file input-v4.cif (mmCIF, C-alpha atoms)
data_upload
loop_
_atom_site.label_atom_id
_atom_site.label_comp_id
_atom_site.auth_asym_id
_atom_site.auth_seq_id
_atom_site.Cartn_x
_atom_site.Cartn_y
_atom_site.Cartn_z
CA MET R 183 -38.71 29.07 -36.04
CA SER R 184 -39.13 28.86 -32.28
CA GLY R 185 -37.65 25.32 -32.29
CA ALA R 186 -34.49 26.55 -34.01
CA ALA R 187 -34.22 29.40 -31.52
CA GLU R 188 -34.43 26.94 -28.63
CA GLU R 189 -31.66 24.80 -30.15
CA THR R 190 -29.31 27.75 -30.44
CA ALA R 191 -30.25 29.29 -27.07
CA VAL R 192 -27.38 29.79 -24.68
CA ASN R 193 -27.34 27.47 -21.70
CA PRO R 194 -26.44 29.73 -18.72
CA ASP R 195 -25.41 26.78 -16.56
CA GLN R 196 -23.08 25.58 -19.30
CA ASN R 197 -21.46 29.01 -19.35
CA ARG R 198 -21.14 29.13 -15.56
CA ARG R 199 -19.45 25.75 -15.47
CA GLN R 200 -17.11 26.79 -18.27
CA VAL R 201 -16.12 29.94 -16.38
CA LEU R 202 -15.19 27.90 -13.29
CA TYR R 203 -13.04 25.49 -15.28
CA TRP R 204 -11.36 28.30 -17.26
CA ARG R 205 -10.53 29.96 -13.97
CA LEU R 206 -9.16 26.66 -12.60
CA LEU R 207 -6.88 26.18 -15.61
CA SER R 208 -5.75 29.78 -15.40
CA ARG R 209 -4.77 29.41 -11.74
CA LEU R 210 -3.07 26.07 -12.27
CA PHE R 211 -0.98 27.00 -15.30
CA GLY R 212 -0.74 30.80 -15.18
CA ASP R 213 1.64 32.88 -13.12
CA GLU R 214 -0.86 35.67 -12.47
CA GLU R 215 -4.53 35.92 -11.63
CA GLN R 216 -6.96 36.85 -14.39
CA PRO R 217 -9.17 39.57 -12.86
CA ALA R 218 -12.03 38.96 -15.28
CA LEU R 219 -12.15 35.24 -14.52
CA GLU R 220 -11.83 35.87 -10.79
CA SER R 221 -14.77 38.28 -10.70
CA ALA R 222 -16.82 36.00 -12.95
CA GLY R 223 -16.06 33.05 -10.65
CA VAL R 224 -17.21 35.00 -7.59
CA ALA R 225 -20.44 35.85 -9.38
CA VAL R 226 -21.04 32.19 -10.27
CA VAL R 227 -20.59 30.79 -6.75
CA ASP R 228 -22.74 33.61 -5.39
CA ASP R 229 -25.50 32.79 -7.89
CA ILE R 230 -25.58 29.12 -6.90
CA GLY R 231 -25.45 29.82 -3.17
CA LEU R 232 -21.93 28.59 -2.40
CA PRO R 233 -19.42 30.44 -0.16
CA PRO R 234 -16.72 32.59 -1.84
CA ALA R 235 -14.13 30.72 0.29
CA LEU R 236 -14.31 27.97 -2.33
CA LEU R 237 -12.39 30.26 -4.68
CA ASP R 238 -9.62 31.05 -2.22
CA PRO R 239 -6.71 28.55 -2.53
CA GLY R 240 -5.37 29.86 0.77
CA THR R 241 -8.42 28.50 2.57
CA THR R 242 -8.18 24.79 3.30
CA VAL R 243 -11.01 22.38 2.63
CA ASP R 244 -11.10 21.63 6.36
CA THR R 245 -11.77 25.30 7.05
CA VAL R 246 -14.53 25.44 4.46
CA VAL R 247 -16.20 22.33 5.89
CA GLN R 248 -15.93 23.66 9.45
CA ARG R 249 -17.72 26.83 8.41
CA PHE R 250 -20.22 25.07 6.15
CA PRO R 251 -20.67 21.49 7.50
CA GLU R 252 -23.30 20.63 4.91
CA LEU R 253 -20.61 20.61 2.21
CA ALA R 254 -18.76 17.62 3.74
CA ALA R 255 -21.24 15.14 2.30
CA GLU R 256 -21.01 16.78 -1.12
CA PHE R 257 -17.21 16.41 -1.24
CA ASP R 258 -17.37 12.69 -0.40
CA GLY R 259 -17.51 10.66 -3.62
CA LEU R 260 -17.70 13.84 -5.70
CA MET R 261 -15.23 12.54 -8.31
CA SER R 262 -15.86 8.80 -8.01
CA GLU R 263 -16.50 6.77 -11.15
CA GLU R 264 -20.19 6.50 -10.31
CA ALA R 265 -20.58 10.24 -9.80
CA LEU R 266 -18.75 11.12 -13.00
CA ALA R 267 -20.71 8.58 -15.02
CA GLY R 268 -23.97 10.06 -13.75
CA GLY R 269 -23.13 13.52 -15.07
CA GLU R 270 -22.08 12.60 -18.61
CA ASP R 271 -25.45 12.73 -20.37
CA GLY R 272 -27.43 15.82 -21.25
CA PRO R 273 -26.69 19.54 -21.01
CA ALA R 274 -25.13 21.03 -17.90
CA GLY R 275 -27.56 22.00 -15.18
CA ALA R 276 -27.32 23.71 -11.81
CA GLU R 277 -26.00 20.52 -10.17
CA GLU R 278 -23.12 20.34 -12.66
CA VAL R 279 -22.19 23.97 -11.93
CA ARG R 280 -22.14 23.18 -8.23
CA ARG R 281 -19.99 20.12 -8.88
CA ALA R 282 -17.57 22.22 -10.96
CA ALA R 283 -17.14 24.68 -8.08
CA LEU R 284 -16.40 21.94 -5.56
CA VAL R 285 -14.08 20.05 -7.92
CA SER R 286 -12.21 23.26 -8.69
CA LYS R 287 -11.65 23.82 -4.98
CA LEU R 288 -10.11 20.38 -4.51
CA LEU R 289 -7.91 20.48 -7.61
CA LEU R 290 -6.68 24.02 -6.98
CA ASN R 291 -5.76 23.37 -3.34
CA VAL R 292 -3.95 20.12 -4.14
CA PHE R 293 -2.13 20.96 -7.36
CA ALA R 294 -1.42 24.70 -7.14
CA THR R 295 1.43 24.36 -4.64
CA GLY R 296 3.53 27.32 -5.77
CA THR R 297 7.30 27.53 -5.33
CA GLY R 298 9.77 28.29 -2.56
CA ASP R 299 10.13 26.95 0.95
CA VAL R 300 7.34 24.94 2.56
CA SER R 301 6.54 25.08 6.27
CA ALA R 302 5.42 22.14 8.40
CA SER R 303 1.98 23.74 8.70
CA ARG R 304 1.71 24.13 4.94
CA LEU R 305 2.61 20.47 4.39
CA ALA R 306 0.03 19.38 6.96
CA GLU R 307 -2.63 21.53 5.29
CA TRP R 308 -1.78 20.08 1.88
CA GLN R 309 -1.98 16.52 3.23
CA ALA R 310 -5.42 17.27 4.66
CA ASP R 311 -6.59 18.75 1.33
CA ALA R 312 -5.16 15.73 -0.52
CA GLY R 313 -7.16 13.54 1.85
CA TRP R 314 -10.34 15.31 0.80
CA LEU R 315 -9.42 14.75 -2.86
CA GLU R 316 -8.92 11.05 -2.17
CA ARG R 317 -12.31 10.92 -0.43
CA ALA R 318 -13.86 12.66 -3.43
CA CYS R 319 -12.42 9.90 -5.66
CA GLY R 320 -13.94 7.19 -3.46
CA HIS R 321 -10.82 6.29 -1.45
CA GLN R 322 -9.77 6.59 2.16
CA PRO R 323 -7.52 9.58 3.01
CA GLY R 324 -3.91 8.57 2.39
CA GLU R 325 -4.85 5.49 0.35
CA LEU R 326 -3.71 6.84 -3.02
CA ARG R 327 -0.62 8.51 -1.57
CA SER R 328 0.49 5.15 -0.20
CA ARG R 329 1.20 4.15 -3.82
CA PRO R 330 3.97 6.64 -4.66
CA GLY R 331 5.20 4.85 -7.77
CA ASP R 332 1.85 4.18 -9.42
CA ALA R 333 0.61 5.73 -12.61
CA GLY R 334 -2.32 8.13 -12.76
CA LEU R 335 -3.59 10.18 -9.84
CA ALA R 336 -1.83 8.08 -7.19
CA GLY R 337 1.58 8.66 -8.73
CA THR R 338 0.90 12.36 -9.28
CA LEU R 339 -0.13 12.90 -5.67
CA GLY R 340 3.01 11.10 -4.54
CA GLU R 341 5.16 13.35 -6.73
CA VAL R 342 3.50 16.54 -5.46
CA GLU R 343 3.87 15.46 -1.84
CA GLY R 344 7.51 14.49 -2.44
CA ASP R 345 8.20 17.91 -3.95
CA LEU R 346 6.67 19.65 -0.94
CA VAL R 347 8.79 17.59 1.44
CA ARG R 348 11.95 18.38 -0.53
CA ARG R 349 11.14 22.11 -0.41
CA MET R 350 10.67 22.02 3.33
CA ARG R 351 13.64 22.94 5.52
CA LEU R 352 13.31 19.60 7.21
CA ARG R 353 16.22 19.88 9.61
CA GLU R 354 14.94 23.20 10.95
CA VAL R 355 11.45 21.80 11.34
CA LEU R 356 12.71 18.69 13.15
CA GLY R 357 14.70 20.88 15.51
CA ASP R 358 11.46 22.48 16.72
CA SER R 359 9.24 19.93 18.47
CA ALA R 360 6.14 22.10 18.00
CA LEU R 361 6.70 22.25 14.22
CA ALA R 362 7.69 18.58 13.99
CA GLY R 363 4.47 17.67 15.78
CA ARG R 364 2.48 19.15 12.91
CA LEU R 365 4.01 16.77 10.37
CA THR R 366 1.94 13.84 9.16
CA PRO R 367 4.12 10.84 8.28
CA SER R 368 4.04 9.78 4.64
CA MET R 369 6.27 7.65 2.41
CA SER R 370 7.85 10.78 0.92
CA LEU R 371 8.64 12.17 4.36
CA ILE R 372 9.97 8.85 5.67
CA GLU R 373 12.24 8.58 2.64
CA GLN R 374 13.76 11.97 3.41
CA LEU R 375 14.14 11.11 7.08
CA LEU R 376 15.86 7.81 6.35
CA HIS R 377 18.24 9.48 3.90
CA ASP R 378 19.10 12.27 6.35
CA LYS R 379 19.03 10.46 9.70
CA HIS R 380 22.84 10.25 9.94
CA ASN R 381 23.06 14.04 9.76
CA LEU R 382 20.63 14.61 12.62
CA SER R 383 21.26 14.75 16.34
CA GLY R 384 19.62 15.77 19.60
CA VAL R 385 16.02 16.99 19.38
CA ALA R 386 15.96 16.76 15.58
CA LEU R 387 16.98 13.09 15.63
CA ALA R 388 14.48 12.29 18.39
CA ASN R 389 11.66 13.92 16.41
CA ALA R 390 12.72 12.10 13.25
CA LYS R 391 12.66 8.76 15.07
CA ALA R 392 9.22 9.54 16.48
CA LEU R 393 7.86 10.23 12.99
CA ILE R 394 9.41 7.06 11.57
CA LYS R 395 7.95 5.00 14.41
CA ARG R 396 4.48 6.50 13.90
CA PHE R 397 4.59 5.61 10.22
CA VAL R 398 5.94 2.10 10.90
CA ASP R 399 3.21 1.41 13.45
CA GLU R 400 0.47 2.61 11.08
CA VAL R 401 1.71 0.47 8.17
CA ALA R 402 2.31 -2.53 10.45
CA GLN R 403 -1.30 -2.42 11.63
CA VAL R 404 -2.53 -2.64 8.03
CA LEU R 405 -0.08 -5.37 6.99
CA ARG R 406 -0.70 -7.45 10.11
CA THR R 407 -4.40 -7.59 9.24
CA ARG R 408 -3.56 -8.83 5.75
CA VAL R 409 -1.27 -11.54 7.06
CA GLU R 410 -3.73 -12.70 9.72
CA LYS R 411 -6.41 -13.24 7.09
CA THR R 412 -4.34 -16.15 5.72
CA SER R 413 -2.47 -17.19 8.86
CA THR R 414 -4.14 -20.57 9.58
CA GLY R 415 -2.25 -23.77 8.83
CA LYS R 416 -3.45 -26.71 6.75
CA ILE R 417 -5.47 -29.55 8.20
CA ASP R 418 -3.18 -32.50 9.05
CA ARG R 419 -5.20 -35.58 8.16
CA SER R 420 -2.41 -37.91 9.28
CA VAL R 421 -3.35 -37.08 12.88
CA PRO R 422 -6.50 -38.95 14.05
CA PRO R 423 -9.28 -36.60 15.15
CA LYS R 424 -9.95 -36.28 18.87
CA ARG R 425 -13.05 -38.25 19.75
CA VAL R 426 -14.76 -35.52 21.75
CA PHE R 427 -18.26 -34.13 21.38
CA ARG R 428 -17.17 -30.73 19.99
CA ASN R 429 -15.46 -32.50 17.06
CA LEU R 430 -18.48 -34.72 16.24
CA ASP R 431 -19.40 -34.46 12.54
CA LEU R 432 -23.15 -34.88 12.94
CA ASP R 433 -24.06 -34.60 9.24
CA ARG R 434 -21.53 -37.22 8.18
CA THR R 435 -22.51 -39.51 11.04
CA ILE R 436 -26.17 -39.42 9.98
CA TRP R 437 -25.33 -39.93 6.31
CA LYS R 438 -23.06 -42.93 6.96
CA ASN R 439 -25.64 -44.60 9.20
CA LEU R 440 -28.75 -44.12 7.06
CA THR R 441 -28.78 -47.81 6.19
CA ASN R 442 -29.51 -48.49 9.86
CA TYR R 443 -32.77 -46.56 9.84
CA ASN R 444 -35.73 -48.63 11.15
CA PRO R 445 -39.02 -47.40 9.63
CA GLU R 446 -41.11 -49.40 12.09
CA ASP R 447 -40.03 -47.48 15.15
CA GLN R 448 -38.74 -44.50 13.11
CA ARG R 449 -35.31 -44.56 14.69
CA LEU R 450 -31.80 -44.32 13.32
CA TYR R 451 -29.39 -46.76 14.94
CA VAL R 452 -25.82 -45.48 14.92
CA ASP R 453 -23.05 -48.04 14.59
CA GLN R 454 -20.20 -45.60 14.08
CA LEU R 455 -19.47 -41.98 15.00
CA PHE R 456 -17.48 -39.69 12.70
CA TYR R 457 -15.35 -36.80 13.92
CA ARG R 458 -13.86 -33.75 12.22
CA HIS R 459 -10.10 -33.41 11.77
CA THR R 460 -8.93 -30.32 13.63
CA ALA R 461 -5.21 -30.91 14.13
CA ARG R 462 -3.05 -28.52 12.17
CA ARG R 463 0.55 -29.05 11.24
CA VAL R 464 2.81 -26.02 11.12
CA GLU R 465 6.26 -27.37 10.32
CA PRO R 466 9.28 -25.17 11.04
CA ALA R 467 10.13 -23.13 7.96
CA ARG R 468 12.84 -20.61 7.16
CA LEU R 469 11.96 -17.37 5.41
CA VAL R 470 14.82 -15.31 3.99
CA VAL R 471 13.82 -11.85 2.82
CA VAL R 472 16.39 -10.09 0.63
CA VAL R 473 15.62 -6.48 -0.20
CA ASP R 474 17.42 -4.03 -2.44
CA GLN R 475 17.98 -0.83 -0.44
CA SER R 476 19.17 1.28 -3.37
CA GLY R 477 17.55 4.67 -3.92
CA SER R 478 14.81 3.36 -6.21
CA MET R 479 13.48 0.86 -3.66
CA VAL R 480 12.72 2.96 -0.59
CA ASP R 481 9.03 2.03 -0.33
CA SER R 482 9.90 -1.66 -0.75
CA MET R 483 12.50 -1.43 2.00
CA VAL R 484 9.97 0.03 4.41
CA ASN R 485 7.21 -2.44 3.56
CA CYS R 486 9.47 -5.51 3.56
CA THR R 487 11.07 -4.63 6.87
CA ILE R 488 7.64 -4.41 8.48
CA LEU R 489 6.40 -7.54 6.70
CA ALA R 490 9.43 -9.55 7.85
CA SER R 491 8.79 -8.54 11.46
CA ILE R 492 5.17 -9.72 11.21
CA PHE R 493 6.15 -13.13 9.83
CA ALA R 494 8.83 -13.38 12.51
CA GLY R 495 6.02 -13.25 15.06
CA LEU R 496 4.27 -16.31 13.61
CA PRO R 497 4.83 -19.69 15.29
CA LYS R 498 7.69 -21.84 13.98
CA VAL R 499 8.81 -19.43 11.26
CA ASP R 500 12.51 -18.59 11.28
CA VAL R 501 12.83 -15.21 9.54
CA HIS R 502 16.06 -13.68 8.24
CA LEU R 503 16.38 -10.25 6.65
CA VAL R 504 19.20 -9.09 4.38
CA ALA R 505 19.43 -5.60 2.86
CA TYR R 506 21.94 -4.71 0.18
CA ASP R 507 23.17 -2.16 -2.33
CA THR R 508 26.89 -2.52 -3.07
CA ARG R 509 27.30 -3.97 0.43
CA ALA R 510 25.08 -6.41 2.27
CA LEU R 511 23.77 -5.98 5.79
CA ASP R 512 22.34 -8.85 7.83
CA LEU R 513 19.48 -7.30 9.78
CA THR R 514 18.22 -10.56 11.27
CA PRO R 515 19.07 -9.65 14.90
CA TRP R 516 16.57 -6.77 14.70
CA VAL R 517 13.97 -8.43 12.45
CA HIS R 518 11.32 -8.36 15.20
CA ASP R 519 11.60 -4.57 15.44
CA PRO R 520 11.08 -2.85 12.05
CA PHE R 521 11.75 0.57 13.58
CA GLU R 522 15.22 -0.41 14.76
CA THR R 523 15.83 -2.21 11.47
CA LEU R 524 15.08 0.87 9.38
CA LEU R 525 17.36 3.00 11.52
CA ARG R 526 20.21 0.65 10.60
CA THR R 527 19.64 0.85 6.85
CA LYS R 528 21.55 3.13 4.56
CA LEU R 529 19.42 3.94 1.54
CA GLY R 530 20.93 4.76 -1.82
CA GLY R 531 23.89 3.67 -3.91
CA GLY R 532 24.25 1.03 -6.62
CA THR R 533 23.14 -2.59 -6.74
CA ASP R 534 25.36 -5.68 -6.46
CA GLY R 535 23.41 -8.83 -5.66
CA THR R 536 26.56 -10.96 -5.30
CA VAL R 537 27.17 -9.49 -1.83
CA ALA R 538 23.63 -10.47 -0.81
CA LEU R 539 24.14 -14.00 -2.13
CA GLU R 540 27.15 -14.37 0.15
CA GLN R 541 24.89 -13.58 3.12
CA VAL R 542 22.06 -15.83 1.95
CA ARG R 543 23.89 -19.08 1.12
CA PRO R 544 24.97 -19.93 4.71
CA LYS R 545 21.37 -19.48 5.87
CA ILE R 546 20.08 -22.32 3.67
CA THR R 547 20.49 -25.53 5.63
CA ASP R 548 17.25 -27.23 4.53
CA PRO R 549 16.46 -26.07 0.96
CA LYS R 550 13.12 -27.87 0.70
CA ASN R 551 11.89 -26.03 3.76
CA THR R 552 13.26 -22.59 2.84
CA VAL R 553 11.73 -19.73 0.89
CA VAL R 554 13.81 -16.81 -0.40
CA ALA R 555 11.83 -13.69 -1.32
CA TRP R 556 14.14 -11.38 -3.29
CA ILE R 557 12.74 -7.87 -3.74
CA SER R 558 14.53 -5.66 -6.27
CA ASP R 559 14.26 -3.99 -9.66
CA PHE R 560 17.18 -6.30 -10.63
CA TYR R 561 19.24 -3.63 -12.37
CA GLU R 562 22.49 -5.29 -11.39
CA TRP R 563 26.11 -4.48 -12.13
CA ARG R 564 26.99 -8.15 -12.64
CA GLU R 565 23.87 -9.63 -14.19
CA GLN R 566 25.22 -13.04 -15.23
CA GLU R 567 26.91 -13.78 -11.92
CA VAL R 568 23.89 -12.70 -9.85
CA PHE R 569 21.46 -14.72 -11.94
CA ARG R 570 23.62 -17.85 -11.77
CA GLY R 571 23.60 -17.57 -7.98
CA MET R 572 19.82 -17.19 -7.87
CA GLU R 573 19.36 -20.09 -10.31
CA SER R 574 21.57 -22.25 -8.07
CA LEU R 575 19.32 -21.50 -5.10
CA HIS R 576 16.25 -22.42 -7.12
CA ARG R 577 17.76 -25.72 -8.33
CA SER R 578 18.74 -26.70 -4.80
CA GLY R 579 15.06 -26.92 -3.90
CA VAL R 580 14.65 -23.48 -2.34
CA ARG R 581 11.33 -21.78 -3.09
CA PHE R 582 12.72 -18.70 -4.84
CA ILE R 583 10.30 -15.78 -5.26
CA PRO R 584 11.58 -12.77 -7.25
CA VAL R 585 9.49 -9.65 -6.59
CA GLY R 586 9.64 -6.45 -8.64
CA SER R 587 8.80 -4.17 -5.73
CA VAL R 588 6.53 -4.15 -2.72
CA THR R 589 4.03 -1.31 -2.76
CA SER R 590 0.35 -1.03 -1.93
CA GLY R 591 -0.55 -0.46 -5.55
CA GLY R 592 1.66 -3.03 -7.23
CA ARG R 593 3.87 -0.83 -9.41
CA GLN R 594 7.02 -2.58 -10.52
CA ASN R 595 9.91 -1.69 -12.82
CA VAL R 596 12.00 -4.80 -13.48
CA ASN R 597 15.06 -5.33 -15.63
CA PRO R 598 13.67 -7.12 -18.74
CA TRP R 599 16.77 -9.33 -18.95
CA PHE R 600 16.10 -10.76 -15.49
CA ARG R 601 12.34 -10.92 -16.02
CA GLN R 602 12.72 -13.25 -19.01
CA ARG R 603 15.29 -15.48 -17.32
CA PHE R 604 13.19 -15.84 -14.18
CA LYS R 605 10.28 -16.86 -16.39
CA ASP R 606 12.40 -19.43 -18.21
CA MET R 607 13.62 -20.73 -14.84
CA GLY R 608 10.04 -21.37 -13.74
CA ALA R 609 9.96 -18.61 -11.14
CA PRO R 610 8.31 -15.61 -12.84
CA VAL R 611 8.57 -12.20 -11.22
CA LEU R 612 5.76 -11.71 -8.76
CA SER R 613 3.63 -8.60 -9.07
CA GLY R 614 4.77 -5.97 -6.60
CA ASN R 615 1.38 -5.85 -4.90
CA ILE R 616 2.06 -6.68 -1.27
CA ASP R 617 -1.11 -8.77 -0.99
CA LYS R 618 0.23 -11.18 -3.61
CA LEU R 619 3.54 -11.54 -1.78
CA VAL R 620 1.71 -12.24 1.49
CA PHE R 621 -0.39 -14.89 -0.27
CA GLU R 622 2.64 -16.63 -1.79
CA LEU R 623 4.57 -16.66 1.48
CA LYS R 624 1.61 -17.98 3.45
CA ASN R 625 1.01 -20.71 0.90
CA PHE R 626 4.57 -21.92 1.43
CA LEU R 627 4.70 -21.48 5.20
CA ASP R 628 1.37 -23.22 5.75
#

call {"tool": "encode", "arguments": {"input": "input-v4.cif", "output": "structure tokens"}}
result
Amino acid sequence: MSGAAEETAVNPDQNRRQVLYWRLLSRLFGDEEQPALESAGVAVVDDIGLPPALLDPGTTVDTVVQRFPELAAEFDGLMSEEALAGGEDGPAGAEEVRRAALVSKLLLNVFATGTGDVSASRLAEWQADAGWLERACGHQPGELRSRPGDAGLAGTLGEVEGDLVRRMRLREVLGDSALAGRLTPSMSLIEQLLHDKHNLSGVALANAKALIKRFVDEVAQVLRTRVEKTSTGKIDRSVPPKRVFRNLDLDRTIWKNLTNYNPEDQRLYVDQLFYRHTARRVEPARLVVVVDQSGSMVDSMVNCTILASIFAGLPKVDVHLVAYDTRALDLTPWVHDPFETLLRTKLGGGTDGTVALEQVRPKITDPKNTVVAWISDFYEWREQEVFRGMESLHRSGVRFIPVGSVTSGGRQNVNPWFRQRFKDMGAPVLSGNIDKLVFELKNFLD
């Protein structure tokens, strides 16, 4: 009888955790507070020794951590795969209730964004809270939001941030240097700035340029590291090694002379020295980057502009950059400066690859030593004509690399008609992950 009673006994921690999650759902999806759930939630956090500020969506996570520094370590990795896997078995205990309170704080602050206008301060606070959520999931702050087109949490965070930016009176904020200084650059914000830059002037334009430059510099630092990891050329074995001591291959020299070992005096007599090849050949190569600047490719435009500038800084690489929608723009004169390049783009509009082909063809003087990286979703007005032009480039000996998009996470949405024809041509669409594009380009250029 007592065993049956124990099985049916109420688990108070289970109830506490349930109250916190009911309250979270109520605040996320309901228009009004539920007084009963609010008072029950206060009682729960008080029982487990957590501050009531966790229940206030108006209090940022930064503020909570400043007041209660010991909570910082608990937020880190709170929602990582390892942490979630560790709490799946067995009934809820006090630790699970505590986790529920902290998780509720993060989710409520990030996803309950309300309606109406958004101030620069509010956007900055949200970005900080989103950074804590990313840390809780085992990522660096901003890492997930750098993948605005991805599925799952990354894509959702990008959508929420984009909505906040759209609700912000951006021109008014940019006109006030103090308010503009509170903005943290993000892909969503840069997209809005690039779309609106022609309507700005004076202080607002200067502040917009400063934000774009900050973002470009931050992304460039990351991409430059990725390129440098694969930036060494191939060993040129046609060039005899320099016969100097630092190039001496001691192991090979010993191995090749073992037959000269004299056991009587226990000495190895060396007839020939062997040296390592160290000469590298980096032949001049031409890299032509073609990027679709239509409205669906903003993140690719930003990343490719920066990537082109990095490759332009490598020795003996001649980089050309062409952006297009229904008109093509040769941005090669500014390819070394991604900031200036982006200021000259005009995002939006349709897609007509024939105008880009007209810009590309004259640039190909040595097909065997030229790579064309074409970044687009390939939703073209004149599909047959554009594909025939690309196929002609490929047959001429050009290394043609079609890329679905260039994002940190690798999301790509490619016209199926083009995808199949590229595959049949022997040049399948490359995953949009920027690391894969860097690898392919370096393989060719080396």

call {"tool": "residues_around", "arguments": {"input": "input-v4.cif", "residues": "segment 297-302 of chain R", "least_positions_apart": "5", "cutoff": "6 Å", "atoms": "only C-alpha atoms", "output": "list in words"}}
result
Arg349, Met350, Leu361 and Leu365 of chain R

call {"tool": "resolve_selection", "arguments": {"input": "input-v4.cif", "expression": "the PyMOL selection byres ((chain R and resi 626) around 9)", "output": "list of chain:residue names"}}
result
R:Ala467, R:Asn551, R:Thr552, R:Val553, R:Arg581, R:Phe621, R:Glu622, R:Leu623, R:Lys624, R:Asn625, R:Leu627, R:Asp628

call {"tool": "atom_distance", "arguments": {"input": "input-v4.cif", "atom1": "atom CA of Gln374 of chain R", "atom2": "atom CA of Val596 of chain R"}}
result
23.9 Å

call {"tool": "atom_distance", "arguments": {"input": "input-v4.cif", "atom1": "atom CA of Ser574 of chain R", "atom2": "atom CA of Leu496 of chain R"}}
result
28.4 Å

call {"tool": "atom_distance", "arguments": {"input": "input-v4.cif", "atom1": "atom CA of Leu539 of chain R", "atom2": "atom CA of Val471 of chain R"}}
result
11.6 Å

call {"tool": "closest_residue", "arguments": {"input": "input-v4.cif", "among": "R:Gln200, R:Thr487, R:Gln454, R:Ser221", "to": "Ile436 of chain R", "atoms": "all atoms listed in the file"}}
result
R:Gln454

call {"tool": "closest_residue", "arguments": {"input": "input-v4.cif", "among": "R:Lys528, R:Arg281, R:Arg434, R:Arg577", "to": "Lys550 of chain R", "atoms": "all atoms listed in the file"}}
result
R:Arg577

call {"tool": "residues_around", "arguments": {"input": "input-v4.cif", "residues": "Pro544 of chain R", "least_positions_apart": "3", "cutoff": "12 Å", "atoms": "all atoms listed in the file", "output": "mmCIF file with C-alpha atoms, in the frame of the given file"}}
result
data_model
loop_
_atom_site.group_PDB
_atom_site.id
_atom_site.type_symbol
_atom_site.label_atom_id
_atom_site.label_comp_id
_atom_site.auth_asym_id
_atom_site.auth_seq_id
_atom_site.Cartn_x
_atom_site.Cartn_y
_atom_site.Cartn_z
ATOM 1 C CA VAL R 470 14.820 -15.310 3.990
ATOM 2 C CA HIS R 502 16.060 -13.680 8.240
ATOM 3 C CA ASP R 512 22.340 -8.850 7.830
ATOM 4 C CA ALA R 538 23.630 -10.470 -0.810
ATOM 5 C CA LEU R 539 24.140 -14.000 -2.130
ATOM 6 C CA GLU R 540 27.150 -14.370 0.150
ATOM 7 C CA GLN R 541 24.890 -13.580 3.120
ATOM 8 C CA THR R 547 20.490 -25.530 5.630
ATOM 9 C CA ASP R 548 17.250 -27.230 4.530
ATOM 10 C CA PRO R 549 16.460 -26.070 0.960
ATOM 11 C CA LEU R 575 19.320 -21.500 -5.100
#

call {"tool": "resolve_selection", "arguments": {"input": "input-v4.cif", "expression": "the PyMOL selection byres ((chain R and resi 260) around 10)", "output": "PyMOL selection string"}}
result
chain R and resi 255-259+261-266+281-282+284-285+314-320
